[in-house]
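> Sharing run.csv, CSV, C-alpha atoms:
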chain,number,residue,atom,x,y,z
R,1,MET,CA,131.8,81.1,62.3
R,2,LYS,CA,130.1,78.5,64.5
R,3,ILE,CA,129.7,75.0,62.9
R,4,ALA,CA,127.8,72.1,64.3
R,5,ILE,CA,128.2,68.5,63.3
R,6,ALA,CA,126.1,65.4,63.8
R,7,SER,CA,125.8,61.8,62.5
R,8,ASP,CA,124.0,58.6,62.9
R,9,HIS,CA,125.8,55.4,63.6
R,10,GLY,CA,126.5,54.9,59.8
R,11,GLY,CA,128.3,58.2,59.7
R,12,PHE,CA,130.1,58.1,63.1
R,13,GLU,CA,133.5,57.2,61.7
R,14,ARG,CA,133.4,59.9,59.0
R,15,LYS,CA,132.2,62.4,61.5
R,16,ALA,CA,135.3,61.7,63.6
R,17,ASP,CA,137.5,62.2,60.6
R,18,ILE,CA,135.9,65.6,59.9
R,19,ILE,CA,136.2,66.7,63.5
R,20,GLU,CA,139.9,65.8,63.6
R,21,TYR,CA,140.6,67.5,60.3
R,22,CYS,CA,138.8,70.7,61.3
R,23,ALA,CA,140.6,70.8,64.6
R,24,LYS,CA,144.0,70.7,62.7
R,25,LYS,CA,142.7,73.7,60.7
R,26,GLY,CA,141.7,75.6,63.9
R,27,LEU,CA,138.0,75.0,63.5
R,28,VAL,CA,136.1,73.8,66.5
R,29,LEU,CA,132.9,72.0,65.7
R,30,GLU,CA,130.1,71.5,68.1
R,31,ASP,CA,129.3,67.8,68.2
R,32,LEU,CA,125.6,67.1,68.5
R,33,GLY,CA,126.0,63.3,68.5
R,34,THR,CA,125.8,60.4,68.0
R,35,HIS,CA,128.8,59.6,70.2
R,36,ASN,CA,129.2,55.9,69.3
R,37,THR,CA,128.3,53.3,66.7
R,38,ASP,CA,125.2,52.0,68.5
R,39,SER,CA,122.2,52.1,66.1
R,40,CYS,CA,120.2,55.3,66.2
R,41,ASP,CA,117.6,57.1,64.1
R,42,TYR,CA,118.9,59.7,61.6
R,43,PRO,CA,115.6,61.7,61.6
R,44,LEU,CA,116.2,62.6,65.2
R,45,ILE,CA,119.7,63.7,64.5
R,46,ALA,CA,118.6,65.8,61.5
R,47,ASP,CA,115.9,67.4,63.7
R,48,LYS,CA,118.4,68.4,66.3
R,49,MET,CA,120.7,69.9,63.6
R,50,ALA,CA,117.8,71.8,62.0
R,51,ASP,CA,116.9,73.3,65.4
R,52,TYR,CA,120.4,74.5,65.8
R,53,ILE,CA,120.6,76.1,62.4
R,54,VAL,CA,117.0,77.6,62.4
R,55,ASN,CA,117.5,79.0,66.0
R,56,LYS,CA,121.0,80.4,65.1
R,57,LYS,CA,122.9,78.3,67.6
R,58,ALA,CA,125.2,77.5,64.7
R,59,ASP,CA,125.9,79.2,61.3
R,60,LEU,CA,126.5,76.0,59.4
R,61,GLY,CA,125.9,72.4,59.9
R,62,ILE,CA,127.5,69.1,58.8
R,63,LEU,CA,125.5,65.9,58.8
R,64,VAL,CA,126.6,62.4,58.0
R,65,CYS,CA,124.7,59.1,57.7
R,66,GLY,CA,125.4,55.9,55.9
R,67,SER,CA,124.6,57.2,52.4
R,68,GLY,CA,123.8,60.9,53.2
R,69,ILE,CA,120.4,60.5,51.6
R,70,GLY,CA,118.1,59.8,54.5
R,71,ILE,CA,119.6,62.5,56.8
R,72,SER,CA,119.4,65.1,54.1
R,73,ILE,CA,115.8,64.3,53.4
R,74,ALA,CA,115.0,64.5,57.1
R,75,ALA,CA,116.8,67.8,57.5
R,76,ASN,CA,115.2,69.4,54.4
R,77,ARG,CA,111.7,68.8,55.9
R,78,HIS,CA,112.4,71.9,58.1
R,79,LYS,CA,111.6,75.4,56.9
R,80,GLY,CA,114.8,77.4,56.6
R,81,ILE,CA,117.1,74.4,56.0
R,82,ARG,CA,119.0,73.8,52.8
R,83,ALA,CA,120.9,70.6,53.3
R,84,ALA,CA,123.0,69.6,50.3
R,85,LEU,CA,124.5,66.1,49.7
R,86,LEU,CA,128.0,67.0,48.5
R,87,TYR,CA,129.2,64.3,46.1
R,88,ASN,CA,131.7,66.1,43.8
R,89,GLU,CA,133.7,69.3,43.6
R,90,GLN,CA,131.2,71.2,41.4
R,91,VAL,CA,128.2,70.3,43.6
R,92,ALA,CA,130.2,71.3,46.7
R,93,ALA,CA,130.8,74.8,45.2
R,94,LEU,CA,127.3,75.2,43.7
R,95,ALA,CA,125.5,74.2,46.9
R,96,LYS,CA,126.9,77.3,48.6
R,97,GLU,CA,127.3,79.6,45.6
R,98,HIS,CA,123.7,79.2,44.2
R,99,ASN,CA,121.7,77.7,47.0
R,100,ASN,CA,123.4,79.1,50.1
R,101,ALA,CA,123.2,75.6,51.6
R,102,ASN,CA,123.4,75.8,55.4
R,103,ILE,CA,124.1,72.1,56.0
R,104,ALA,CA,126.7,70.1,54.1
R,105,VAL,CA,125.8,66.4,54.0
R,106,PHE,CA,128.0,63.4,53.4
R,107,GLY,CA,127.7,59.6,53.2
R,108,GLY,CA,129.8,57.8,55.7
R,109,ARG,CA,129.7,54.5,53.9
R,110,THR,CA,129.6,55.9,50.3
R,111,GLN,CA,132.4,58.5,50.4
R,112,SER,CA,136.0,58.2,51.3
R,113,LYS,CA,137.6,60.4,53.9
R,114,GLU,CA,139.6,62.2,51.2
R,115,GLU,CA,136.5,63.0,49.2
R,116,VAL,CA,134.6,64.3,52.2
R,117,LEU,CA,137.4,66.6,53.3
R,118,LYS,CA,138.0,67.9,49.8
R,119,TYR,CA,134.3,68.7,49.3
R,120,LEU,CA,134.0,70.2,52.8
R,121,ASP,CA,136.9,72.5,52.1
R,122,ILE,CA,135.3,73.7,48.8
R,123,PHE,CA,132.0,74.2,50.5
R,124,LEU,CA,133.4,76.3,53.3
R,125,ALA,CA,135.6,78.4,51.0
R,126,THR,CA,132.8,79.2,48.5
R,127,PRO,CA,130.8,82.4,49.1
R,128,PHE,CA,127.1,82.7,48.3
R,129,SER,CA,126.8,84.6,45.0
R,130,ASN,CA,124.0,86.7,46.4
R,131,GLY,CA,122.5,87.0,42.9
R,132,GLU,CA,118.9,88.2,42.6
R,133,ARG,CA,117.7,84.9,41.0
R,134,HIS,CA,119.3,82.8,43.7
R,135,ILE,CA,117.8,84.9,46.5
R,136,ARG,CA,114.4,84.7,44.8
R,137,ARG,CA,114.6,81.0,44.7
R,138,ILE,CA,115.7,80.6,48.2
R,139,GLU,CA,112.8,82.7,49.4
R,140,GLN,CA,110.5,80.5,47.4
R,141,LEU,CA,111.8,77.5,49.3
R,142,ASP,CA,110.8,79.1,52.6
R,143,ASN,CA,107.2,79.9,51.6
So, in terms of structure tokens, how does the structure I just supplied come out?

Amino acid sequence: MKIAIASDHGGFERKADIIEYCAKKGLVLEDLGTHNTDSCDYPLIADKMADYIVNKKADLGILVCGSGIGISIAANRHKGIRAALLYNEQVAALAKEHNNANIAVFGGRTQSKEEVLKYLDIFLATPFSNGERHIRRIEQLDN
């Protein structure tokens, strides 16, 4: 599975935590930026990630901004993107199980390293339920 990761300046530190953690688990993430804490615009970061996912350059994405809100709004403007802000264990599982989210989103300033890594593990380990009602609803999102 190919996973891409990106953040704005507000999520840069948490993005580094995720990359380090995943490397220890044998997962290599493609880092789409930003590469420092200089101020940058999260919509541009989200656009780049959406392009990667929609064009199948990556199977899943991880986005991080200060709160996780702005970058998830920006990503979800793209057809075919289902970016979910993961803020607890249940949401981390349901985002994949029911919504087949293709981008996990975190808040670099609002979530601890431990929370983010726990929710990411749950998200990655949870399969899509593939139920008829879930497929129907996902198809409706893309219309």
> Which residues come within 8 Å of Tyr119 in chain R, counting only C-alpha atoms, excluding same-chain residues fewer than 6 positions away, as a list of chain:residue names?
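So, after excluding close chain neighbours, the residues are R:Leu86, R:Tyr87, R:Asn88, R:Glu89, R:Ala92.
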> Write out as a ChimeraX atom specification the residues lying within 10 Å of range 76-78 of chain R, counting only C-alpha atoms and excluding same-chain residues fewer than 2 positions away.
/R:43,46-47,50-51,54,71-74,80-84,103,142
> I'd like the interatomic distance between CA of Val116 in chain R and CA of Arg14 in chain R, to a tenth of an Å.
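According to the coordinates, CA of Val116 in chain R and CA of Arg14 in chain R are separated by 8.2 Å.
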> At a cut-off of 8 Å, using only C-alpha atoms, what residues contact Met49 in chain R? Leave out same-chain residues fewer than 5 positions from it and give the result as a list in words.
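Listed by chain and then number, they are Ala4, Ile5, Ala6, Leu32, Gly61, Leu63 and Ala75 of chain R.
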> Limited to C-alpha atoms, could you put the picked residues into a file as a compact mmCIF listing (two decimals), in the frame of the given file?

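Result saved to part-v3.txt:
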# COMPACT_ATOMS: atom_id res chain seq x y z
CA ALA R 4 127.80 72.10 64.30
CA ILE R 5 128.20 68.50 63.30
CA ALA R 6 126.10 65.40 63.80
CA LEU R 32 125.60 67.10 68.50
CA GLY R 61 125.90 72.40 59.90
CA LEU R 63 125.50 65.90 58.80
CA ALA R 75 116.80 67.80 57.50
> Have a look at R:Gln140, R:Asp31, R:Asp59, R:His98 and name the one nearest to Lys15 in chain R; count only C-alpha atoms.
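Closest to Lys15 in chain R, using only C-alpha atoms: R:Asp31.
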> Leaving out Ile18 in chain R and any residue of its chain fewer than 2 positions from it, which residues lie within 12 Å of it when counting all atoms listed in the file, given as a ChimeraX atom specification?
/R:3-7,11-16,20-25,27-31,62-64,104-106,108,112-121
> For Glu132 in chain R, which of R:Ala93, R:Arg109, R:Asn99, R:Ile19 is the closest residue, counting all atoms listed in the file?
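Between R:Ala93, R:Arg109, R:Asn99, R:Ile19, the residue approaching Glu132 in chain R most closely is R:Asn99.
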> Using all atoms listed in the file for the distances, tell me which of R:Lys56, R:Lys2, R:His9, R:Gly66 is nearest to Cys40 in chain R.
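Of the candidates, the smallest distance to Cys40 in chain R is held by R:His9.
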> The centre and edge lengths of an axis-aligned box containing all atoms of range 125-138 of chain R present in the file, extended by 8 Å on each side, are to be given in Å to one decimal, as lines of an AutoDock Vina configuration file.

center_x = 125.0
center_y = 83.3
center_z = 46.0
size_x = 37.2
size_y = 25.8
size_z = 26.0
> When you draw a straight line from CA of Ile122 in chain R to CA of Gln90 in chain R, how long is it in Å?
8.8 Å
> Using all atoms listed in the file, which residue out of R:Asn102, R:Cys65, R:Leu94, R:Leu85 lies closest to Tyr52 in chain R?
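Ranked by minimum distance to Tyr52 in chain R, first place goes to R:Asn102.
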> Please provide as a tab-separated table (two decimals) with C-alpha atoms, keeping the file's coordinate frame all residues within 12 Å of Gly131 in chain R, with the sequence filter that same-chain residues fewer than 4 positions apart are discarded (counting all atoms listed in the file).

chain	number	residue	atom	x	y	z
R	97	GLU	CA	127.30	79.60	45.60
R	98	HIS	CA	123.70	79.20	44.20
R	99	ASN	CA	121.70	77.70	47.00
R	100	ASN	CA	123.40	79.10	50.10
R	127	PRO	CA	130.80	82.40	49.10
R	135	ILE	CA	117.80	84.90	46.50
R	136	ARG	CA	114.40	84.70	44.80
R	137	ARG	CA	114.60	81.00	44.70
R	138	ILE	CA	115.70	80.60	48.20
> From the options R:Phe128, R:Asp38, R:Ala95, R:Gly107, which residue's atoms come nearest to Ser67 in chain R, counting all atoms listed in the file?
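So, comparing all the options, the nearest one is R:Gly107.
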> Of the candidates R:Ala125, R:Gly10, R:Leu60, R:Leu141, which one gets nearest to Asn36 in chain R if we count all atoms listed in the file?
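Among the listed residues, the smallest separation from Asn36 in chain R belongs to R:Gly10.
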> For CA of Ser39 in chain R and CA of Val91 in chain R, determine how far apart the two atoms are, in Å to one decimal place.
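Separating CA of Ser39 in chain R from CA of Val91 in chain R is a distance of 29.6 Å.
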